[in-house]
$ cat input.tsv   # TSV, C-alpha atoms
chain	number	residue	atom	x	y	z
S	141	ARG	CA	19.11	23.69	-7.49
S	142	GLY	CA	22.26	24.50	-5.55
S	143	LEU	CA	20.49	25.14	-2.25
S	144	CYS	CA	18.30	22.03	-2.48
S	145	GLY	CA	21.28	19.86	-3.40
S	146	HIS	CA	23.44	21.26	-0.59
S	147	LEU	CA	20.75	20.81	2.06
S	148	ALA	CA	19.98	17.30	0.78
S	149	LEU	CA	23.64	16.33	1.11
S	150	LEU	CA	23.85	17.76	4.64
S	151	ALA	CA	20.70	15.90	5.69
S	152	TYR	CA	22.00	12.65	4.20
S	153	LEU	CA	25.40	12.93	5.91
S	154	GLU	CA	23.68	13.62	9.22
S	155	SER	CA	21.33	10.67	8.72
S	156	ILE	CA	24.11	8.14	8.21
S	157	GLU	CA	25.58	9.22	11.54
S	158	ARG	CA	22.35	8.10	13.23
S	159	LEU	CA	21.19	5.16	11.11
S	160	PRO	CA	22.67	1.99	9.61
S	161	LEU	CA	23.95	2.85	6.14
S	162	ALA	CA	21.53	0.46	4.39
S	163	VAL	CA	18.55	2.13	6.07
S	164	ALA	CA	19.74	5.65	5.23
S	165	VAL	CA	20.37	4.67	1.60
S	166	PHE	CA	16.95	3.06	1.31
S	167	LEU	CA	15.05	6.00	2.80
S	168	GLY	CA	16.98	8.47	0.64
S	169	LYS	CA	15.78	6.64	-2.46
S	170	VAL	CA	12.38	8.35	-2.26
S	171	HIS	CA	13.84	11.06	-4.53
S	172	PRO	CA	12.27	9.78	-7.80
S	173	LEU	CA	8.82	9.93	-6.22
S	174	ALA	CA	9.51	13.43	-4.88
S	175	ALA	CA	10.84	14.56	-8.26
S	176	ALA	CA	7.82	13.08	-10.05
S	177	VAL	CA	5.33	14.82	-7.75
S	178	LEU	CA	7.16	18.16	-7.79
S	179	SER	CA	7.57	18.16	-11.58
S	180	TRP	CA	3.85	17.40	-11.88
S	181	LEU	CA	2.98	20.27	-9.53
S	182	PHE	CA	5.40	22.92	-10.76
S	183	LEU	CA	6.34	21.93	-14.32
S	184	GLY	CA	3.05	20.44	-15.48
S	185	GLU	CA	4.64	17.11	-16.46
S	186	PRO	CA	2.35	14.08	-16.58
S	187	LEU	CA	2.30	11.74	-13.58
S	188	ARG	CA	0.50	8.53	-14.42
S	189	ALA	CA	-0.50	5.83	-11.96
S	190	SER	CA	1.73	3.37	-13.81
S	191	ARG	CA	4.79	5.56	-13.13
S	192	VAL	CA	3.97	5.87	-9.43
S	193	ALA	CA	3.51	2.10	-9.20
S	194	ALA	CA	6.80	1.53	-11.03
S	195	ILE	CA	8.68	3.86	-8.67
S	196	ALA	CA	7.16	2.06	-5.68
S	197	ALA	CA	8.15	-1.31	-7.15
S	198	SER	CA	11.69	-0.04	-7.78
S	199	LEU	CA	11.87	1.12	-4.18
S	200	GLY	CA	10.93	-2.41	-3.19
S	201	GLY	CA	13.83	-3.66	-5.29
S	202	VAL	CA	16.13	-1.24	-3.49
S	203	ALA	CA	14.84	-2.60	-0.17
S	204	LEU	CA	15.78	-6.13	-1.22
S	205	ILE	CA	19.28	-5.02	-2.18
S	206	ALA	CA	19.96	-2.71	0.76
S	207	ARG	CA	18.06	-4.95	3.24
S	208	PRO	CA	17.37	-2.25	5.84
S	209	ALA	CA	16.71	-3.63	9.30
S	210	ALA	CA	13.23	-3.31	10.74
S	211	GLY	CA	12.49	-1.24	13.80
S	212	VAL	CA	15.36	1.24	13.52
S	213	ALA	CA	13.24	4.23	14.58
S	214	SER	CA	13.01	3.11	18.21
S	215	THR	CA	15.24	5.83	19.70
S	216	SER	CA	15.26	9.60	19.37
S	217	ALA	CA	18.58	9.47	17.46
S	218	SER	CA	17.32	6.91	14.94
S	219	GLY	CA	13.99	8.73	14.67
S	220	LEU	CA	15.80	11.93	13.78
S	221	GLY	CA	17.99	9.98	11.37
S	222	THR	CA	14.90	8.58	9.63
S	223	ALA	CA	13.44	12.08	9.27
S	224	LEU	CA	16.74	13.43	7.93
S	225	ALA	CA	17.10	10.59	5.40
S	226	LEU	CA	13.57	11.18	4.11
S	227	LEU	CA	14.23	14.93	3.99
S	228	ALA	CA	17.39	14.24	1.99
S	229	GLY	CA	15.36	12.23	-0.50
S	230	VAL	CA	12.70	14.93	-0.87
S	231	LEU	CA	15.29	17.70	-1.27
S	232	SER	CA	17.19	15.60	-3.83
S	233	GLY	CA	13.95	15.22	-5.76
S	234	ALA	CA	13.48	18.99	-5.60
S	235	ALA	CA	17.02	19.51	-6.91
S	236	TYR	CA	16.38	17.15	-9.84
S	237	CYS	CA	13.14	18.97	-10.57
S	238	CYS	CA	15.16	22.19	-10.76
S	239	VAL	CA	17.65	20.52	-13.13
S	240	ARG	CA	14.74	19.48	-15.34
S	241	ALA	CA	13.34	23.02	-15.29
S	242	LEU	CA	16.74	24.49	-16.21
S	243	GLY	CA	17.10	21.99	-19.03
S	244	ARG	CA	13.67	22.81	-20.43
S	245	SER	CA	14.50	26.52	-20.36
S	246	GLU	CA	17.69	25.85	-22.35
S	247	GLU	CA	19.87	27.21	-19.54
S	248	ALA	CA	23.60	26.76	-20.14
S	249	GLU	CA	24.77	23.38	-18.88
S	250	LEU	CA	27.78	24.96	-17.18
S	251	TRP	CA	25.62	26.98	-14.79
S	252	THR	CA	23.49	23.94	-13.98
S	253	LEU	CA	26.63	22.02	-13.07
S	254	LEU	CA	28.15	24.88	-11.07
S	255	SER	CA	25.03	25.65	-9.04
S	256	LEU	CA	25.73	23.04	-6.35
S	257	PRO	CA	29.44	23.80	-5.76
S	258	LEU	CA	28.76	27.56	-5.83
S	259	VAL	CA	26.42	27.11	-2.88
S	260	SER	CA	28.38	24.36	-1.07
S	261	LEU	CA	31.90	25.77	-1.27
S	262	PRO	CA	31.37	28.84	0.97
S	263	PHE	CA	29.95	26.58	3.69
S	264	CYS	CA	32.54	23.81	3.39
S	265	ALA	CA	35.80	25.59	2.46
S	266	ARG	CA	36.97	26.37	6.00
S	267	ALA	CA	36.43	22.84	7.32
S	268	ALA	CA	37.97	21.29	4.21
S	269	LEU	CA	41.13	23.41	4.31
S	270	LEU	CA	41.89	23.01	8.03
S	271	PRO	CA	44.33	20.14	8.72
S	272	ALA	CA	42.93	17.00	10.31
S	273	PRO	CA	43.94	16.42	13.95
S	274	SER	CA	45.93	13.30	13.07
S	275	ALA	CA	47.91	15.16	10.40
S	276	ALA	CA	48.56	18.12	12.69
S	277	ALA	CA	49.96	15.78	15.35
S	278	GLY	CA	52.72	14.75	12.93
S	279	GLY	CA	53.95	11.38	11.78
S	280	GLY	CA	54.59	9.89	8.37
S	281	GLN	CA	51.77	7.41	8.69
S	282	ALA	CA	49.25	10.19	9.23
S	283	ALA	CA	50.63	12.05	6.23
S	284	ASP	CA	50.35	8.91	4.10
S	285	ARG	CA	46.75	8.43	5.12
S	286	GLY	CA	46.10	12.08	4.29
S	287	ALA	CA	47.48	11.67	0.77
S	288	GLU	CA	45.38	8.56	0.21
S	289	LEU	CA	42.32	10.38	1.49
S	290	TRP	CA	42.90	13.23	-0.97
S	291	LEU	CA	43.07	10.68	-3.81
S	292	TRP	CA	39.73	9.27	-2.75
S	293	PHE	CA	38.30	12.79	-2.62
S	294	LEU	CA	39.59	13.38	-6.15
S	295	ALA	CA	38.02	10.15	-7.39
S	296	LEU	CA	34.77	11.06	-5.65
S	297	GLY	CA	34.77	14.51	-7.24
S	298	LEU	CA	35.43	13.19	-10.73
S	299	ALA	CA	32.78	10.47	-10.45
S	300	THR	CA	30.23	12.89	-9.00
S	301	GLN	CA	30.88	15.56	-11.63
S	302	GLY	CA	30.66	12.99	-14.41
S	303	GLY	CA	27.34	11.82	-13.01
S	304	GLN	CA	26.07	15.41	-12.81
S	305	ILE	CA	26.96	16.00	-16.48
S	306	PHE	CA	24.99	12.98	-17.66
S	307	LEU	CA	22.16	13.79	-15.25
S	308	ALA	CA	21.80	17.31	-16.63
S	309	ARG	CA	21.86	16.06	-20.21
S	310	GLY	CA	19.43	13.23	-19.49
S	311	LEU	CA	16.91	15.52	-17.80
S	312	ARG	CA	16.98	17.82	-20.81
S	313	ILE	CA	15.44	14.93	-22.76
S	314	LEU	CA	13.46	12.86	-20.24
S	315	PRO	CA	10.69	13.93	-17.87
S	316	ALA	CA	11.81	14.13	-14.25
S	317	ALA	CA	9.80	11.05	-13.22
S	318	SER	CA	11.37	8.88	-15.91
S	319	GLY	CA	14.89	10.26	-15.59
S	320	THR	CA	15.10	9.97	-11.81
S	321	GLN	CA	13.64	6.46	-11.76
S	322	THR	CA	16.47	5.43	-14.07
S	323	MET	CA	18.86	6.48	-11.30
S	324	TYR	CA	17.87	3.37	-9.36
S	325	PHE	CA	20.46	1.65	-11.56
S	326	GLY	CA	23.00	3.26	-9.25
S	327	THR	CA	21.96	0.83	-6.52
S	328	VAL	CA	22.66	-2.11	-8.83
S	329	SER	CA	25.98	-0.78	-10.17
S	330	GLY	CA	27.11	0.10	-6.64
S	331	VAL	CA	26.92	-3.55	-5.63
S	332	PHE	CA	29.11	-4.59	-8.57
S	333	LEU	CA	31.63	-1.87	-7.76
S	334	GLY	CA	31.66	-3.14	-4.19
S	335	VAL	CA	32.63	-6.58	-5.48
S	336	LEU	CA	35.58	-5.03	-7.30
S	337	LEU	CA	36.64	-3.37	-4.04
S	338	GLY	CA	36.58	-6.64	-2.13
S	339	ASP	CA	32.98	-7.08	-1.02
S	340	GLY	CA	31.40	-10.49	-1.25
S	341	TRP	CA	29.46	-11.68	-4.28
S	342	PRO	CA	25.86	-10.42	-4.16
S	343	SER	CA	23.19	-12.67	-2.69
S	344	TRP	CA	19.93	-13.78	-4.28
S	345	GLN	CA	18.19	-10.69	-2.89
S	346	PHE	CA	20.34	-8.54	-5.16
S	347	TRP	CA	19.37	-10.43	-8.31
S	348	ILE	CA	15.67	-10.34	-7.48
S	349	GLY	CA	15.82	-6.67	-6.45
S	350	GLY	CA	17.78	-5.73	-9.58
S	351	GLY	CA	15.30	-7.63	-11.74
S	352	ILE	CA	12.41	-5.76	-10.14
S	353	ILE	CA	14.09	-2.39	-10.80
S	354	LEU	CA	14.73	-3.24	-14.46
S	355	ALA	CA	11.27	-4.69	-15.04
S	356	ALA	CA	9.52	-1.76	-13.33
S	357	LEU	CA	11.38	0.79	-15.43
S	358	HIS	CA	10.72	-1.11	-18.66
S	359	LEU	CA	7.00	-1.52	-17.94
S	360	ALA	CA	6.63	2.12	-16.93
S	361	GLU	CA	8.28	3.30	-20.15
S	362	ARG	CA	6.01	1.05	-22.20
S	363	ALA	CA	2.93	2.32	-20.35
S	364	ASP	CA	3.98	5.94	-20.92
S	365	ALA	CA	4.61	5.26	-24.62
S	366	ASN	CA	1.18	3.63	-25.02
S	367	ALA	CA	-0.48	6.54	-23.21
S	368	ARG	CA	1.24	9.07	-25.48
S	369	GLU	CA	0.12	7.16	-28.56
S	370	LYS	CA	-3.50	7.19	-27.36
S	371	GLU	CA	-3.34	10.92	-26.58
S	372	SER	CA	-1.97	11.68	-30.05
$ encode --input "input.tsv" --output "structure tokens"
Amino acid sequence: RGLCGHLALLAYLESIERLPLAVAVFLGKVHPLAAAVLSWLFLGEPLRASRVAAIAASLGGVALIARPAAGVASTSASGLGTALALLAGVLSGAAYCCVRALGRSEEAELWTLLSLPLVSLPFCARAALLPAPSAAAGGGQAADRGAELWLWFLALGLATQGGQIFLARGLRILPAASGTQTMYFGTVSGVFLGVLLGDGWPSWQFWIGGGIILAALHLAERADANAREKES
């Protein structure tokens, strides 16, 4: 789980250096499909056609919200960025499959949560602790920006760790396909948080895309429930 998560994060960060952010976000959202396929292969969890269709429909909703531009893979840099974004999505799906496996085996939640930082910290500690060039050059303004940056890092860490806690607990209960598809709500909530930070009010594409995500999840859960009733 730690290795897959760390490599997925590295691939994603590299992809956004080469692609527009909306495109990288959209391509990275293949992780529910990857998690569903991997959990079917390695954990024996059911993967019904209705769930695959729902994930594909949700991905279409993400496309409406993120609105990635067409034809971005026309250069070697953007082609590599596309491959890295897709790799990030697949590795994220693998990490969530591992979280599901750990939850099913009743592994302690603490170790599930610590697996990613235990792998990432040795690779990132040196770069994180070295002073930034602007701060080393001196100046109160640089120092102020450094303090603000550390506050944002703290907020990022708290939000990420909170998300990991609920993710681990959710995947103890839900199959990987269902639990990871629910994570598409992050795309919708991210737009609302952007409004609070000063972004413009979402356009009609957001409302249609969000409706598709909600409807697809609801219909997939109903289809799974009906299938379980027939099997029992």
$ residues_around --input "input.tsv" --residues "segment 305-312 of chain S" --least-positions-apart "3" --cutoff "8 Å" --atoms "all atoms listed in the file" --output "VMD selection string"
chain S and resid 239 to 240 243 to 244 249 252 to 253 301 to 302 315 to 316 319
$ residues_around --input "input.tsv" --residues "Leu159 of chain S" --least-positions-apart "5" --cutoff "8 Å" --atoms "all atoms listed in the file" --output "ChimeraX atom specification"
/S:164,212,218,221-222
$ closest_atom_pairs --input "input.tsv" --of "segment 171-205 of chain S" --to "segment 366-369 of chain S" --cutoff "12 Å" --atoms "all atoms listed in the file" --output "Markdown table"
| residue | atom | partner | partner_atom | distance |
| --- | --- | --- | --- | --- |
| S:Pro186 | CA | S:Arg368 | CA | 10.3 |
| S:Leu187 | CA | S:Ala367 | CA | 11.3 |
| S:Arg188 | CA | S:Ala367 | CA | 9.1 |
| S:Ala189 | CA | S:Ala367 | CA | 11.3 |
| S:Ser190 | CA | S:Ala367 | CA | 10.2 |
| S:Arg191 | CA | S:Ala367 | CA | 11.4 |
$ atom_distance --input "input.tsv" --atom1 "atom CA of Ser232 of chain S" --atom2 "atom CA of Cys144 of chain S"
6.7 Å
$ residues_around --input "input.tsv" --residues "Ala162 of chain S" --least-positions-apart "3" --cutoff "7 Å" --atoms "all atoms listed in the file" --output "PyMOL selection string"
chain S and resi 165-166+206-208
$ axis_aligned_box --input "input.tsv" --around "segment 222-235 of chain S" --padding-each-side "4 Å" --output "JSON"
{"center_x": 15.0, "center_y": 14.0, "center_z": 1.4, "size_x": 12.7, "size_y": 18.9, "size_z": 24.5}
$ atom_distance --input "input.tsv" --atom1 "atom CA of Gln321 of chain S" --atom2 "atom CA of Trp292 of chain S"
27.7 Å
$ atom_distance --input "input.tsv" --atom1 "atom CA of Gly201 of chain S" --atom2 "atom CA of Gly350 of chain S"
6.2 Å
$ residues_near_point --input "input.tsv" --point "(13.9, -0.7, -9.9)" --cutoff "10 Å" --atoms "only C-alpha atoms" --output "PyMOL selection string"
chain S and resi 194-203+321-328+349-358
$ residues_near_point --input "input.tsv" --point "(25.0, 15.2, 5.6)" --cutoff "12 Å" --atoms "all atoms listed in the file" --output "number ranges by chain"
S: 145-158, 164, 168, 221, 224-225, 227-229, 260, 264
$ write_last_selection --input "input.tsv" --atoms "C-alpha atoms" --output "compact mmCIF listing (two decimals), in the coordinates of the input"
# COMPACT_ATOMS: atom_id res chain seq x y z
CA GLY S 145 21.28 19.86 -3.40
CA HIS S 146 23.44 21.26 -0.59
CA LEU S 147 20.75 20.81 2.06
CA ALA S 148 19.98 17.30 0.78
CA LEU S 149 23.64 16.33 1.11
CA LEU S 150 23.85 17.76 4.64
CA ALA S 151 20.70 15.90 5.69
CA TYR S 152 22.00 12.65 4.20
CA LEU S 153 25.40 12.93 5.91
CA GLU S 154 23.68 13.62 9.22
CA SER S 155 21.33 10.67 8.72
CA ILE S 156 24.11 8.14 8.21
CA GLU S 157 25.58 9.22 11.54
CA ARG S 158 22.35 8.10 13.23
CA ALA S 164 19.74 5.65 5.23
CA GLY S 168 16.98 8.47 0.64
CA GLY S 221 17.99 9.98 11.37
CA LEU S 224 16.74 13.43 7.93
CA ALA S 225 17.10 10.59 5.40
CA LEU S 227 14.23 14.93 3.99
CA ALA S 228 17.39 14.24 1.99
CA GLY S 229 15.36 12.23 -0.50
CA SER S 260 28.38 24.36 -1.07
CA CYS S 264 32.54 23.81 3.39
$ residues_around --input "input.tsv" --residues "Pro342 of chain S" --least-positions-apart "3" --cutoff "12 Å" --atoms "all atoms listed in the file" --output "list in words"
Leu204, Ile205, Ala206, Val328, Ser329, Gly330, Val331, Phe332, Leu333, Gly334, Val335, Leu336, Gly338, Asp339, Gln345, Phe346, Trp347, Ile348, Gly349 and Gly350 of chain S
$ closest_residue --input "input.tsv" --among "S:Val192, S:Ala235, S:Leu254, S:Leu226" --to "Ala175 of chain S" --atoms "only C-alpha atoms"
S:Ala235
$ closest_residue --input "input.tsv" --among "S:Ala317, S:Ala295, S:Leu289, S:Leu161" --to "Leu178 of chain S" --atoms "all atoms listed in the file"
S:Ala317
